[in-house]
Amino acid sequence: MTSMTSLMIIGGGLAGSEAAWQAARQGLHVRLYEMRPAQQTGAHQTADLAELVCSNSLGSDLPDRASGVLKAELRRLDSLLVRCAEETALPAGGALAVDREAFARRVTQCLEANPFIELVRQEVREIPTGPCIVASGPLTSPALSTSLAALSGEEHLYFFDAISPIVAASSVDMTTAFRASRYGAGDQDLGDYINCPFTRDEYYAFVDALLDAERIELRSFEDAIRAGVKAGHFFEGCLPVEIIAQRGRDSLAFGPMRPVGLTDPRTGHRPWAVVQLRQDNLAGSLYNLVGFQTNLKYPEQRRVFRLIPGLQNADFLRFGQMHRNTFIASPRLLRPTLQHIQRDDLFFAGQITGVEATWATSPQACLPDSTQHACCGISRFSRCLPIPCWARFAITLPMPTSRISSR
């Protein structure tokens with residue numbers, strides 16, 4: 001087998017950053033390419049690596065939840081992302097949430113300081129020759145996306161993702177809203193979330209206003225959006241609230257606005273519905289609306305979301321928006337080792353492979369020795385790859401029963 005000592009990684013998101021860190025730990029010389037800030041994606045706000053575009057929550061950290069088990073595995077693998085997340089963690093009940101700017105800044109500092117990693121601020125427009133991990137994410141540039149399509153010989157799959165609004169904490173009316181964590185399971189005595197409670201009448205008035213509100217036109221994608229609920233163009237785990245409301249006037253009350261585990265201190269009873277706000281930065285000055293992804297026009301977001309009790313004077317520092325996420329048909333194009341079916345030295349990782357959640361891009365799977373023959377001389381960095389859920393199942397090798405049952 002040929003000995004490989006250098007590796008090219010395309011994309012400085014979660015998957016690319018973790019893969020670069022793990023490859024450097026293996027003694028490989030890594031060239032990590034990130035096109036920002038020279039070319040922005042339309043969703044990212046900074047030039048930092050591992051920037052979280054959507055939620056600042058990395059999922060449950062509880063040991064009996066799938067995402068909690070994955071984080072426990074990552075800690076044992078000396079994951080850079082988990083370490084940086086814990087260093088910038090915010091109160092979020094049983095979840096691991098971070099100050100998104102501090103988190104990305106910390107990851108960037110660690111990678112820039114690593115002598116085995118060279119950060120190249122340049123767009124990669126074509127699939128290169130030689131050992132490479134493509135971790136360009138769902139917002140892959142048009143040029144590279146075209147190159148990927150030519151390599152695979154087929155169109156990419158896609159879905160529409162959305163971002164929640166962020167408000168200034170000082171603008172929330174705390175005479176109406178209250179602090180609490182569901183079932184009292186929080187890190188802070190008063191609760192980790194700000195909760196905006198609804199009465200029955202307030203809830204249905206809000207839903208009616210939401211359904212009547214104007215949405216941003218998505219031009220060529222508009223027909224797909226209209227068909228999205230049935231055609232599957234939306235990611236079910238990140239549906240815009242107006243799309244959830246279309247499924248039935250009570251849908252939100254059983255979804256992101258469910259009031260379970262909460263008691264309104266003003267009434268002593270559970271609210272009819274509730275909107276939760278989660279801390280978004282270490283200073284505690286920013287809060288995001290949990291589960292409130294939206295594609296409403298900006299003036300409509302201000303008008304409709306100010307109907308939420310406690311947010312009548314809210315100062316919106318970021319409005320929600322929607323973007324198209326692209327991914328490849330991995331089961332047809334990739335082997336269980338994440339190698340491309342046509343090239344032994346070309347790997348894919350992260351959301352470009354179709355992983356459905358942000359944090360799921362980062363778990364590392366150290367391939368057992370018995371699989372290294374499949375890596376054709378590239379086993380030194382095949383161990384560094386973030387393995388998507390479908391690939392973890394596809395590796396038909398003996399695994400501990402506890403690991404199988406936990407997924």
# chains A, B, ... in the order shown; residues from 1 in each chain; ligands from 1

$ residues_around --residues "Pro259 of chain A" --least-positions-apart "6" --cutoff "12 Å" --atoms "only C-alpha atoms" --output "list in words"
Ala180, Ser181, Arg182, Tyr183, Asn195, Cys196, Pro197, Phe198, Thr199, Arg200, Tyr203, Leu252, Ala253, His269, Arg270, Pro271, Trp272, Ala273, Val274, Val275 and Gln276 of chain A

$ atom_distance --atom1 "atom CA of Val120 of chain A" --atom2 "atom CA of Met35 of chain A"
8.1 Å

$ select_by_dssp --residues "segment 49-270 of chain A" --states "helix (DSSP H, G or I)" --output "ChimeraX atom specification"
/A:66-76,80-87,100-113,142-152,169-171,182-184,200-212,219-226,228-231,236-238,241-246,252-254

$ select_by_dssp --residues "segment 56-115 of chain A" --states "strand (DSSP E or B)" --output "VMD selection string"
chain A and resid 57 to 60 89 to 90 95 to 98

$ closest_residue --among "A:Gly261, A:Gly268, A:Pro336, A:Pro142" --to "Glu126 of chain A" --atoms "only C-alpha atoms"
A:Pro142

$ atom_distance --atom1 "atom CA of Pro309 of chain A" --atom2 "atom CA of Gln321 of chain A"
22.3 Å

$ residues_around --residues "segment 143-147 of chain A" --least-positions-apart "4" --cutoff "8 Å" --atoms "only C-alpha atoms" --output "count of residues only"
5
